[in-house]
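**Student:** Just one file: work.pdb, with PDB, C-alpha atoms.
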```pdb
ATOM      1  CA  MET N   1      16.737  -1.875 -36.952
ATOM      2  CA  VAL N   2      15.500   1.728 -37.010
ATOM      3  CA  LYS N   3      12.337   0.585 -35.298
ATOM      4  CA  LEU N   4      14.384  -1.108 -32.593
ATOM      5  CA  VAL N   5      16.375   2.057 -31.902
ATOM      6  CA  LEU N   6      13.170   4.075 -31.714
ATOM      7  CA  ASP N   7      11.743   1.460 -29.381
ATOM      8  CA  ASP N   8      14.838   1.634 -27.186
ATOM      9  CA  ASN N   9      14.608   5.422 -26.988
ATOM     10  CA  LYS N  10      10.986   5.194 -25.994
ATOM     11  CA  ALA N  11      11.736   2.465 -23.465
ATOM     12  CA  VAL N  12      14.429   4.401 -21.596
ATOM     13  CA  ALA N  13      12.119   7.407 -21.364
ATOM     14  CA  THR N  14       9.523   5.500 -19.343
ATOM     15  CA  PRO N  15       9.318   6.319 -15.625
ATOM     16  CA  PHE N  16      10.413   2.833 -14.585
ATOM     17  CA  ALA N  17      13.493   2.745 -16.834
ATOM     18  CA  LYS N  18      14.458   6.227 -15.630
ATOM     19  CA  CYS N  19      14.216   5.034 -12.055
ATOM     20  CA  LEU N  20      16.394   2.018 -12.849
ATOM     21  CA  VAL N  21      18.985   4.205 -14.579
ATOM     22  CA  ARG N  22      19.041   6.521 -11.556
ATOM     23  CA  LEU N  23      19.769   3.593  -9.239
ATOM     24  CA  ILE N  24      22.553   2.330 -11.498
ATOM     25  CA  ARG N  25      24.154   5.775 -11.795
ATOM     26  CA  ALA N  26      23.998   6.106  -8.006
ATOM     27  CA  GLN N  27      26.464   3.215  -7.776
ATOM     28  CA  ASP N  28      28.908   4.902 -10.125
ATOM     29  CA  SER N  29      31.071   6.426  -7.373
ATOM     30  CA  TYR N  30      34.013   7.182  -9.656
ATOM     31  CA  GLY N  31      32.081   8.531 -12.601
ATOM     32  CA  SER N  32      33.337   5.830 -14.935
ATOM     33  CA  TRP N  33      29.915   5.444 -16.527
ATOM     34  CA  LYS N  34      29.408   9.185 -16.977
ATOM     35  CA  GLU N  35      29.936   9.028 -20.722
ATOM     36  CA  LYS N  36      27.620   6.078 -21.154
ATOM     37  CA  SER N  37      24.110   6.711 -22.429
ATOM     38  CA  ASP N  38      21.073   5.369 -20.593
ATOM     39  CA  ILE N  39      20.595   2.800 -23.339
ATOM     40  CA  ASP N  40      24.182   1.589 -22.881
ATOM     41  CA  LEU N  41      23.692   1.256 -19.145
ATOM     42  CA  LEU N  42      20.514  -0.753 -19.518
ATOM     43  CA  SER N  43      21.849  -2.914 -22.327
ATOM     44  CA  CYS N  44      23.293  -5.414 -19.813
ATOM     45  CA  PHE N  45      19.697  -6.268 -18.923
ATOM     46  CA  THR N  46      18.866  -7.452 -22.411
ATOM     47  CA  VAL N  47      19.730 -10.981 -23.407
ATOM     48  CA  PRO N  48      18.572 -12.266 -26.814
ATOM     49  CA  GLU N  49      16.339 -15.313 -26.486
ATOM     50  CA  GLU N  50      18.703 -17.664 -28.343
ATOM     51  CA  LYS N  51      21.559 -16.633 -26.047
ATOM     52  CA  ARG N  52      19.420 -16.802 -22.951
ATOM     53  CA  SER N  53      18.340 -20.369 -23.512
ATOM     54  CA  VAL N  54      21.916 -21.658 -23.642
ATOM     55  CA  ILE N  55      23.054 -20.079 -20.350
ATOM     56  CA  PRO N  56      23.688 -23.027 -18.016
ATOM     57  CA  ILE N  57      21.463 -23.164 -14.953
ATOM     58  CA  MET N  58      23.895 -25.318 -12.988
ATOM     59  CA  GLY N  59      26.108 -23.956 -10.256
ATOM     60  CA  ASP N  60      25.786 -20.707  -8.362
ATOM     61  CA  PRO N  61      24.202 -17.827 -10.254
ATOM     62  CA  ASP N  62      26.728 -15.365 -11.610
ATOM     63  CA  PRO N  63      27.428 -12.373  -9.288
ATOM     64  CA  ASP N  64      26.684 -10.014 -12.201
ATOM     65  CA  VAL N  65      23.269 -11.569 -12.652
ATOM     66  CA  LEU N  66      22.608 -11.249  -8.924
ATOM     67  CA  TRP N  67      23.596  -7.593  -9.101
ATOM     68  CA  ARG N  68      21.214  -6.999 -12.023
ATOM     69  CA  LEU N  69      18.435  -8.800 -10.186
ATOM     70  CA  ASP N  70      19.124  -6.708  -7.103
ATOM     71  CA  VAL N  71      19.105  -3.388  -8.923
ATOM     72  CA  PHE N  72      16.066  -4.299 -11.054
ATOM     73  CA  TYR N  73      13.936  -5.206  -8.045
ATOM     74  CA  GLY N  74      15.430  -2.274  -6.168
ATOM     75  CA  ALA N  75      14.028  -0.015  -8.884
ATOM     76  CA  VAL N  76      10.657  -1.749  -8.624
ATOM     77  CA  GLY N  77      10.641  -0.961  -4.895
ATOM     78  CA  VAL N  78      11.619   2.682  -5.367
ATOM     79  CA  ALA N  79       9.001   3.119  -8.091
ATOM     80  CA  ILE N  80       6.310   1.650  -5.814
ATOM     81  CA  GLU N  81       7.371   4.039  -3.059
ATOM     82  CA  GLU N  82       7.255   7.036  -5.385
ATOM     83  CA  ARG N  83       3.857   6.045  -6.691
ATOM     84  CA  SER N  84       2.253   5.284  -3.323
ATOM     85  CA  GLY N  85       4.119   7.566  -0.948
ATOM     86  CA  LEU N  86       4.523   4.601   1.411
ATOM     87  CA  LEU N  87       7.683   3.061   2.782
ATOM     88  CA  VAL N  88       8.201  -0.295   1.066
ATOM     89  CA  TRP N  89      10.435  -3.133   2.265
ATOM     90  CA  ARG N  90      11.935  -5.630  -0.085
ATOM     91  CA  THR N  91      12.864  -9.130   1.040
ATOM     92  CA  MET N  92      14.532 -11.374  -1.507
ATOM     93  CA  GLU N  93      15.525 -14.976  -1.026
ATOM     94  CA  ILE N  94      17.409 -16.842  -3.745
ATOM     95  CA  ASN N  95      18.783 -20.322  -3.276
ATOM     96  CA  GLN N  96      21.847 -21.642  -5.034
ATOM     97  CA  GLU N  97      19.777 -23.413  -7.628
ATOM     98  CA  GLY N  98      18.527 -20.059  -8.893
ATOM     99  CA  PHE N  99      15.037 -20.274  -7.427
ATOM    100  CA  GLY N 100      13.606 -17.820  -5.014
ATOM    101  CA  ARG N 101      11.085 -15.237  -4.127
ATOM    102  CA  VAL N 102      10.966 -11.501  -3.850
ATOM    103  CA  LEU N 103       8.443  -9.823  -1.560
ATOM    104  CA  PHE N 104       7.541  -6.164  -1.259
ATOM    105  CA  THR N 105       5.728  -5.284   1.919
ATOM    106  CA  THR N 106       4.487  -2.171   3.599
ATOM    107  CA  ARG N 107       3.449  -2.596   7.207
ATOM    108  CA  ARG N 108       1.125  -5.609   7.230
ATOM    109  CA  LEU N 109       0.451  -5.713   3.501
ATOM    110  CA  VAL N 110       2.214  -7.802   0.875
ATOM    111  CA  VAL N 111       2.056  -5.403  -2.056
ATOM    112  CA  LEU N 112       3.927  -7.637  -4.465
ATOM    113  CA  SER N 113       5.147 -11.196  -4.331
ATOM    114  CA  LYS N 114       7.036 -12.798  -7.154
ATOM    115  CA  THR N 115       8.515 -16.246  -7.525
ATOM    116  CA  LEU N 116      11.924 -16.161  -9.170
ATOM    117  CA  ARG N 117      12.887 -18.968 -11.518
ATOM    118  CA  ASP N 118      16.033 -19.589 -13.538
ATOM    119  CA  VAL N 119      17.765 -16.631 -11.945
ATOM    120  CA  HIS N 120      20.881 -17.609 -13.917
ATOM    121  CA  ARG N 121      19.088 -16.491 -17.065
ATOM    122  CA  PHE N 122      17.627 -13.254 -15.738
ATOM    123  CA  GLY N 123      17.270 -10.757 -18.558
ATOM    124  CA  PHE N 124      14.816  -9.345 -21.068
ATOM    125  CA  SER N 125      14.641  -9.809 -24.822
ATOM    126  CA  THR N 126      14.433  -6.047 -25.454
ATOM    127  CA  LEU N 127      14.580  -2.810 -23.484
ATOM    128  CA  ARG N 128      10.905  -2.351 -24.251
ATOM    129  CA  ARG N 129      10.126  -5.628 -22.490
ATOM    130  CA  LEU N 130      12.216  -4.542 -19.512
ATOM    131  CA  ALA N 131      10.332  -1.257 -19.212
ATOM    132  CA  LYS N 132       6.992  -3.010 -19.665
ATOM    133  CA  THR N 133       7.739  -5.705 -17.071
ATOM    134  CA  GLY N 134       8.853  -3.149 -14.507
ATOM    135  CA  ALA N 135       5.851  -0.920 -15.100
ATOM    136  CA  LYS N 136       3.511  -3.887 -14.798
ATOM    137  CA  LEU N 137       4.985  -4.917 -11.430
ATOM    138  CA  VAL N 138       4.638  -1.354 -10.133
ATOM    139  CA  ASN N 139       1.043  -1.143 -11.384
ATOM    140  CA  ASP N 140       0.149  -4.437  -9.759
ATOM    141  CA  ALA N 141       1.546  -3.236  -6.453
ATOM    142  CA  ALA N 142      -0.301   0.092  -6.702
ATOM    143  CA  ARG N 143      -3.556  -1.765  -7.292
ATOM    144  CA  VAL N 144      -3.030  -3.924  -4.208
ATOM    145  CA  ILE N 145      -2.331  -0.842  -2.081
ATOM    146  CA  GLU N 146      -5.539   0.735  -3.370
ATOM    147  CA  ALA N 147      -7.490  -2.412  -2.563
ATOM    148  CA  TYR N 148      -6.266  -2.640   1.055
ATOM    149  CA  PRO N 149      -5.553   0.923   2.147
ATOM    150  CA  ASP N 150      -6.240   0.185   5.827
ATOM    151  CA  VAL N 151      -3.704  -2.668   5.952
ATOM    152  CA  ALA N 152      -1.073  -0.694   4.044
ATOM    153  CA  LEU N 153      -1.324   2.038   6.655
ATOM    154  CA  ALA N 154      -1.895  -0.283   9.649
TER     155      ALA N 154
ATOM    156  CA  MET Q   1      20.657 -27.780  38.740
ATOM    157  CA  VAL Q   2      17.590 -29.890  39.540
ATOM    158  CA  LYS Q   3      15.434 -26.894  38.754
ATOM    159  CA  LEU Q   4      17.132 -26.492  35.396
ATOM    160  CA  VAL Q   5      16.483 -30.125  34.477
ATOM    161  CA  LEU Q   6      12.842 -29.740  35.475
ATOM    162  CA  ASP Q   7      12.684 -26.560  33.424
ATOM    163  CA  ASP Q   8      14.182 -28.357  30.433
ATOM    164  CA  ASN Q   9      11.663 -31.168  30.712
ATOM    165  CA  LYS Q  10       8.822 -28.691  30.810
ATOM    166  CA  ALA Q  11      10.298 -26.711  27.915
ATOM    167  CA  VAL Q  12      10.537 -29.684  25.541
ATOM    168  CA  ALA Q  13       6.934 -30.615  26.329
ATOM    169  CA  THR Q  14       5.586 -27.311  24.986
ATOM    170  CA  PRO Q  15       3.832 -27.419  21.594
ATOM    171  CA  PHE Q  16       6.451 -25.237  19.956
ATOM    172  CA  ALA Q  17       9.424 -27.286  21.160
ATOM    173  CA  LYS Q  18       7.675 -30.472  20.064
ATOM    174  CA  CYS Q  19       7.154 -29.011  16.629
ATOM    175  CA  LEU Q  20      10.823 -28.051  16.422
ATOM    176  CA  VAL Q  21      11.915 -31.544  17.506
ATOM    177  CA  ARG Q  22       9.648 -33.055  14.865
ATOM    178  CA  LEU Q  23      11.274 -30.945  12.141
ATOM    179  CA  ILE Q  24      14.761 -31.899  13.327
ATOM    180  CA  ARG Q  25      13.921 -35.611  13.471
ATOM    181  CA  ALA Q  26      12.477 -35.373   9.965
ATOM    182  CA  GLN Q  27      15.978 -34.568   8.711
ATOM    183  CA  ASP Q  28      17.449 -37.644  10.369
ATOM    184  CA  SER Q  29      17.274 -39.848   7.267
ATOM    185  CA  TYR Q  30      19.673 -42.486   8.604
ATOM    186  CA  GLY Q  31      18.294 -42.691  12.128
ATOM    187  CA  SER Q  32      21.571 -41.598  13.691
ATOM    188  CA  TRP Q  33      19.769 -39.384  16.201
ATOM    189  CA  LYS Q  34      17.259 -42.074  17.140
ATOM    190  CA  GLU Q  35      18.869 -42.680  20.529
ATOM    191  CA  LYS Q  36      19.057 -38.975  21.338
ATOM    192  CA  SER Q  37      16.473 -37.496  23.654
ATOM    193  CA  ASP Q  38      14.519 -34.383  22.690
ATOM    194  CA  ILE Q  39      16.555 -32.370  25.183
ATOM    195  CA  ASP Q  40      19.784 -33.544  23.553
ATOM    196  CA  LEU Q  41      18.513 -32.595  20.122
ATOM    197  CA  LEU Q  42      17.524 -29.115  21.225
ATOM    198  CA  SER Q  43      20.648 -28.523  23.271
ATOM    199  CA  CYS Q  44      22.494 -27.187  20.189
ATOM    200  CA  PHE Q  45      20.110 -24.220  20.340
ATOM    201  CA  THR Q  46      21.273 -23.151  23.781
ATOM    202  CA  VAL Q  47      24.350 -21.027  24.104
ATOM    203  CA  PRO Q  48      25.304 -19.672  27.548
ATOM    204  CA  GLU Q  49      25.416 -15.888  27.598
ATOM    205  CA  GLU Q  50      29.135 -15.684  28.403
ATOM    206  CA  LYS Q  51      29.936 -18.004  25.476
ATOM    207  CA  ARG Q  52      27.537 -16.222  23.167
ATOM    208  CA  SER Q  53      29.099 -12.823  23.650
ATOM    209  CA  VAL Q  54      32.550 -14.017  22.558
ATOM    210  CA  ILE Q  55      31.435 -15.587  19.265
ATOM    211  CA  PRO Q  56      33.016 -13.409  16.567
ATOM    212  CA  ILE Q  57      30.550 -11.614  14.312
ATOM    213  CA  MET Q  58      33.052 -11.176  11.501
ATOM    214  CA  GLY Q  59      33.041 -13.295   8.388
ATOM    215  CA  ASP Q  60      30.257 -15.450   7.030
ATOM    216  CA  PRO Q  61      27.887 -16.941   9.597
ATOM    217  CA  ASP Q  62      28.656 -20.562  10.378
ATOM    218  CA  PRO Q  63      26.653 -23.085   8.270
ATOM    219  CA  ASP Q  64      25.549 -24.804  11.512
ATOM    220  CA  VAL Q  65      24.122 -21.542  12.796
ATOM    221  CA  LEU Q  66      22.320 -20.990   9.498
ATOM    222  CA  TRP Q  67      20.866 -24.495   9.750
ATOM    223  CA  ARG Q  68      19.620 -23.813  13.283
ATOM    224  CA  LEU Q  69      18.125 -20.513  12.186
ATOM    225  CA  ASP Q  70      16.449 -22.242   9.269
ATOM    226  CA  VAL Q  71      14.952 -25.036  11.339
ATOM    227  CA  PHE Q  72      13.901 -22.705  14.177
ATOM    228  CA  TYR Q  73      11.997 -20.362  11.883
ATOM    229  CA  GLY Q  74      10.764 -23.379   9.946
ATOM    230  CA  ALA Q  75       9.158 -24.595  13.165
ATOM    231  CA  VAL Q  76       7.666 -21.140  13.752
ATOM    232  CA  GLY Q  77       6.065 -21.342  10.303
ATOM    233  CA  VAL Q  78       4.709 -24.858  10.828
ATOM    234  CA  ALA Q  79       3.318 -23.908  14.238
ATOM    235  CA  ILE Q  80       1.556 -20.858  12.733
ATOM    236  CA  GLU Q  81       0.080 -23.094  10.037
ATOM    237  CA  GLU Q  82      -1.160 -25.621  12.597
ATOM    238  CA  ARG Q  83      -2.665 -22.910  14.727
ATOM    239  CA  SER Q  84      -4.385 -20.969  11.944
ATOM    240  CA  GLY Q  85      -5.119 -23.649   9.381
ATOM    241  CA  LEU Q  86      -3.707 -21.326   6.711
ATOM    242  CA  LEU Q  87      -0.843 -21.894   4.302
ATOM    243  CA  VAL Q  88       2.085 -19.760   5.430
ATOM    244  CA  TRP Q  89       5.108 -18.769   3.338
ATOM    245  CA  ARG Q  90       8.435 -17.962   4.868
ATOM    246  CA  THR Q  91      10.923 -15.673   3.175
ATOM    247  CA  MET Q  92      14.278 -15.203   4.859
ATOM    248  CA  GLU Q  93      17.057 -12.931   3.715
ATOM    249  CA  ILE Q  94      20.386 -12.892   5.542
ATOM    250  CA  ASN Q  95      23.372 -10.964   4.345
ATOM    251  CA  GLN Q  96      26.961 -11.979   4.951
ATOM    252  CA  GLU Q  97      27.284  -9.593   7.849
ATOM    253  CA  GLY Q  98      24.691 -11.579   9.770
ATOM    254  CA  PHE Q  99      21.823  -9.144   9.401
ATOM    255  CA  GLY Q 100      18.565  -9.934   7.797
ATOM    256  CA  ARG Q 101      14.867 -10.338   7.958
ATOM    257  CA  VAL Q 102      12.406 -13.170   8.119
ATOM    258  CA  LEU Q 103       8.869 -12.705   6.870
ATOM    259  CA  PHE Q 104       5.880 -14.999   7.233
ATOM    260  CA  THR Q 105       3.081 -14.240   4.847
ATOM    261  CA  THR Q 106      -0.237 -15.740   3.946
ATOM    262  CA  ARG Q 107      -1.808 -14.404   0.776
ATOM    263  CA  ARG Q 108      -1.678 -10.618   1.125
ATOM    264  CA  LEU Q 109      -1.013 -10.513   4.865
ATOM    265  CA  VAL Q 110       2.339 -10.234   6.619
ATOM    266  CA  VAL Q 111       1.619 -12.323   9.697
ATOM    267  CA  LEU Q 112       5.076 -11.978  11.190
ATOM    268  CA  SER Q 113       8.109  -9.910  10.340
ATOM    269  CA  LYS Q 114      11.310 -10.102  12.292
ATOM    270  CA  THR Q 115      14.610  -8.343  11.840
ATOM    271  CA  LEU Q 116      17.565 -10.659  12.399
ATOM    272  CA  ARG Q 117      20.663  -9.289  14.052
ATOM    273  CA  ASP Q 118      23.949 -10.941  14.967
ATOM    274  CA  VAL Q 119      22.954 -14.141  13.247
ATOM    275  CA  HIS Q 120      26.426 -15.490  14.078
ATOM    276  CA  ARG Q 121      25.357 -15.626  17.699
ATOM    277  CA  PHE Q 122      21.921 -17.116  17.218
ATOM    278  CA  GLY Q 123      20.981 -19.168  20.275
ATOM    279  CA  PHE Q 124      19.049 -19.057  23.523
ATOM    280  CA  SER Q 125      20.321 -18.990  27.078
ATOM    281  CA  THR Q 126      18.057 -21.888  28.124
ATOM    282  CA  LEU Q 127      15.606 -24.313  26.554
ATOM    283  CA  ARG Q 128      12.871 -22.516  28.432
ATOM    284  CA  ARG Q 129      13.760 -19.285  26.651
ATOM    285  CA  LEU Q 130      13.741 -21.088  23.315
ATOM    286  CA  ALA Q 131      10.262 -22.481  23.940
ATOM    287  CA  LYS Q 132       9.016 -19.122  25.178
ATOM    288  CA  THR Q 133      10.438 -17.168  22.235
ATOM    289  CA  GLY Q 134       8.951 -19.594  19.729
ATOM    290  CA  ALA Q 135       5.548 -19.573  21.422
ATOM    291  CA  LYS Q 136       5.552 -15.774  21.521
ATOM    292  CA  LEU Q 137       6.263 -15.501  17.792
ATOM    293  CA  VAL Q 138       3.454 -17.950  17.023
ATOM    294  CA  ASN Q 139       1.051 -16.065  19.302
ATOM    295  CA  ASP Q 140       1.923 -12.745  17.693
ATOM    296  CA  ALA Q 141       1.234 -14.190  14.259
ATOM    297  CA  ALA Q 142      -2.069 -15.707  15.382
ATOM    298  CA  ARG Q 143      -3.160 -12.322  16.715
ATOM    299  CA  VAL Q 144      -2.388 -10.618  13.413
ATOM    300  CA  ILE Q 145      -4.365 -13.238  11.496
ATOM    301  CA  GLU Q 146      -7.320 -12.658  13.829
ATOM    302  CA  ALA Q 147      -7.058  -8.908  13.329
ATOM    303  CA  TYR Q 148      -7.083  -9.095   9.510
ATOM    304  CA  PRO Q 149      -9.068 -12.210   8.614
ATOM    305  CA  ASP Q 150     -10.217 -10.817   5.258
ATOM    306  CA  VAL Q 151      -6.646 -10.114   4.089
ATOM    307  CA  ALA Q 152      -5.362 -13.473   5.312
ATOM    308  CA  LEU Q 153      -7.986 -15.201   3.186
ATOM    309  CA  ALA Q 154      -7.879 -12.731   0.278
TER     310      ALA Q 154
END
```
Produce structure tokens that represent the structure in this file.

**Tutor:**
Amino acid sequence: MVKLVLDDNKAVATPFAKCLVRLIRAQDSYGSWKEKSDIDLLSCFTVPEEKRSVIPIMGDPDPDVLWRLDVFYGAVGVAIEERSGLLVWRTMEINQEGFGRVLFTTRRLVVLSKTLRDVHRFGFSTLRRLAKTGAKLVNDAARVIEAYPDVALA
Amino acid sequence: MVKLVLDDNKAVATPFAKCLVRLIRAQDSYGSWKEKSDIDLLSCFTVPEEKRSVIPIMGDPDPDVLWRLDVFYGAVGVAIEERSGLLVWRTMEINQEGFGRVLFTTRRLVVLSKTLRDVHRFGFSTLRRLAKTGAKLVNDAARVIEAYPDVALA
């Protein structure tokens, strides 16, 4: 338990988690989440595996899940922009069966492309996993930009 | 009037219009459109300017309009694939206000990116315009693929 708390503290201190928290707080127009800690804010992104696997994947994905998906990939986009200094566009397409695709592009270059599956069950087992997944996506994108600098600036 | 009919005949004979007709006929599982000519099938894509400008842009876009948008850009994708011999992905995002974006990508390359506006009013003044617009999009994409062959095949 103590280890988990330590892990959570470390996770929210990572650049990606901080970016995500910033985006969430930006939506808090009335200051109702002011008292909440960063860990509290991010806790809606964690779904224990045993709970995750019983979420039904029939019907339209829950609006809350879609919001989380939106803000998570929004943070990925902002983090890529901060890292690369380029303007990044996000295009996300999700069908009603919970499948889709999210693309990050800058000019002519696809910097990141991810297939989305089981959107209904979007979530991470721990905050550490969330931070790690986000950081990995941002790193992947940065590597692609480095590999094709002329297309990214075309 | 005679000129318009001639124009329509020429328009449906263009490669892009043929591709679009093929995609529409592919959805005709029960053969109910078998008796319809190609011009009839494509006529739902033409909206006279004076009618177009009075379509309300409030509320969700009409499902019929979304279908037409889907099949039109589907045909653009297929035509790009036929022309380039590459596998092309389409990602389309439309919000409920009728704004959005359609992206065609192949591997790391964005071959075509188009902002969608006033989706509620999607349509062309004549069949000739439809064929021309489609052909232009396909040509633009082909030019981008030629300009960045290494990224398209990366």

**Student:** What does the ChimeraX specification (/Q :<8) & /N select in this file, as a ChimeraX atom specification?

**Tutor:** /N:91-93,101,103,105,107-111

**Student:** Do you have the atom CA of Leu6 of chain Q-atom CA of Cys44 of chain Q distance handy?

**Tutor:** 18.3 Å

**Student:** Could you pull the residues within 9 Å of Val78 of chain Q, counting all atoms listed in the file, minus those fewer than 4 positions along the same chain, as a VMD selection string?

**Tutor:** chain Q and resid 19 to 20 73 to 74 82 to 83 88

**Student:** Applied to the shown file, which residues does the PyMOL selection byres ((chain Q and resi 130-132) around 8) return, written as a CSV table (one decimal) with C-alpha atoms, in the coordinates of the input?

**Tutor:**
```csv
chain,number,residue,atom,x,y,z
Q,11,ALA,CA,10.3,-26.7,27.9
Q,12,VAL,CA,10.5,-29.7,25.5
Q,14,THR,CA,5.6,-27.3,25.0
Q,16,PHE,CA,6.5,-25.2,20.0
Q,17,ALA,CA,9.4,-27.3,21.2
Q,45,PHE,CA,20.1,-24.2,20.3
Q,46,THR,CA,21.3,-23.2,23.8
Q,124,PHE,CA,19.0,-19.1,23.5
Q,125,SER,CA,20.3,-19.0,27.1
Q,126,THR,CA,18.1,-21.9,28.1
Q,127,LEU,CA,15.6,-24.3,26.6
Q,128,ARG,CA,12.9,-22.5,28.4
Q,129,ARG,CA,13.8,-19.3,26.7
Q,133,THR,CA,10.4,-17.2,22.2
Q,134,GLY,CA,9.0,-19.6,19.7
Q,135,ALA,CA,5.5,-19.6,21.4
Q,136,LYS,CA,5.6,-15.8,21.5
```

**Student:** Select, from N:Asp8, N:Ala141, N:Ser32, N:Gly77, the residue with the minimum atom-to-atom distance to Trp89 of chain N, counting all atoms listed in the file.

**Tutor:**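 Closest to Trp89 of chain N of all the choices is N:Gly77.
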
**Student:** Please expand the PyMOL selection byres ((chain Q and resi 59-68) around 7) into the concrete residues it hits in this file, giving the result as a PDB file with C-alpha atoms, in the frame of the given file.

**Tutor:**
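Written out: selection34.pdb:
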```pdb
ATOM      1  CA  ILE Q  57      30.550 -11.614  14.312  1.00  0.00           C
ATOM      2  CA  MET Q  58      33.052 -11.176  11.501  1.00  0.00           C
ATOM      3  CA  LEU Q  69      18.125 -20.513  12.186  1.00  0.00           C
ATOM      4  CA  ASP Q  70      16.449 -22.242   9.269  1.00  0.00           C
ATOM      5  CA  VAL Q  71      14.952 -25.036  11.339  1.00  0.00           C
ATOM      6  CA  PHE Q  72      13.901 -22.705  14.177  1.00  0.00           C
ATOM      7  CA  GLN Q  96      26.961 -11.979   4.951  1.00  0.00           C
ATOM      8  CA  GLU Q  97      27.284  -9.593   7.849  1.00  0.00           C
ATOM      9  CA  GLY Q  98      24.691 -11.579   9.770  1.00  0.00           C
ATOM     10  CA  VAL Q 119      22.954 -14.141  13.247  1.00  0.00           C
ATOM     11  CA  HIS Q 120      26.426 -15.490  14.078  1.00  0.00           C
ATOM     12  CA  PHE Q 122      21.921 -17.116  17.218  1.00  0.00           C
TER      13      PHE Q 122
END
```

**Student:** For atom CA of Leu87 of chain N and atom CA of Ala142 of chain N, determine how far apart the two atoms are, in Å to one decimal place.

**Tutor:**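 Computing it gives 12.7 Å between the two atoms.
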
**Student:** I need the residue nearest Ser43 of chain Q from this list: Q:Gly123, Q:Ser84, Q:Gln27, Q:Val76. Use all atoms listed in the file for the distance.

**Tutor:**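 Under the stated criterion, the closest residue is Q:Gly123.
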
**Student:** One decimal, in Å: what's the spacing between atom CA of Asn9 of chain N and atom CA of Asp28 of chain N?

**Tutor:** 22.1 Å

**Student:** Of the residues Q:Ala147, Q:Ile55, Q:Val47, Q:Leu23, which is the one nearest to Asp118 of chain Q, using only C-alpha atoms?

**Tutor:**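 Distance minimum relative to Asp118 of chain Q lands on Q:Ile55.
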
**Student:** Nearest to Pro48 of chain Q: which of Q:Arg121, Q:Ile145, Q:Lys10, Q:Leu153 is it, counting only C-alpha atoms?

**Tutor:**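 Among the listed residues, the smallest separation from Pro48 of chain Q belongs to Q:Arg121.
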
**Student:** Point out the residue among Q:Val5, Q:Val138, Q:Ala75, Q:Ala13 with the least atom-to-atom distance to Ala26 of chain Q, counting all atoms listed in the file.

**Tutor:**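 Among Q:Val5, Q:Val138, Q:Ala75, Q:Ala13, it is Q:Ala75 that comes nearest to Ala26 of chain Q.
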
**Student:** Can you tell me, as lines of an AutoDock Vina configuration file, the centre and edge lengths (Å, one decimal) of the axis-aligned box enclosing all of segment 105-124 of chain N's listed atoms after padding each side by 3 Å?

**Tutor:**
```
center_x = 10.7
center_y = -10.9
center_z = -6.9
size_x = 26.4
size_y = 23.4
size_z = 34.3
```
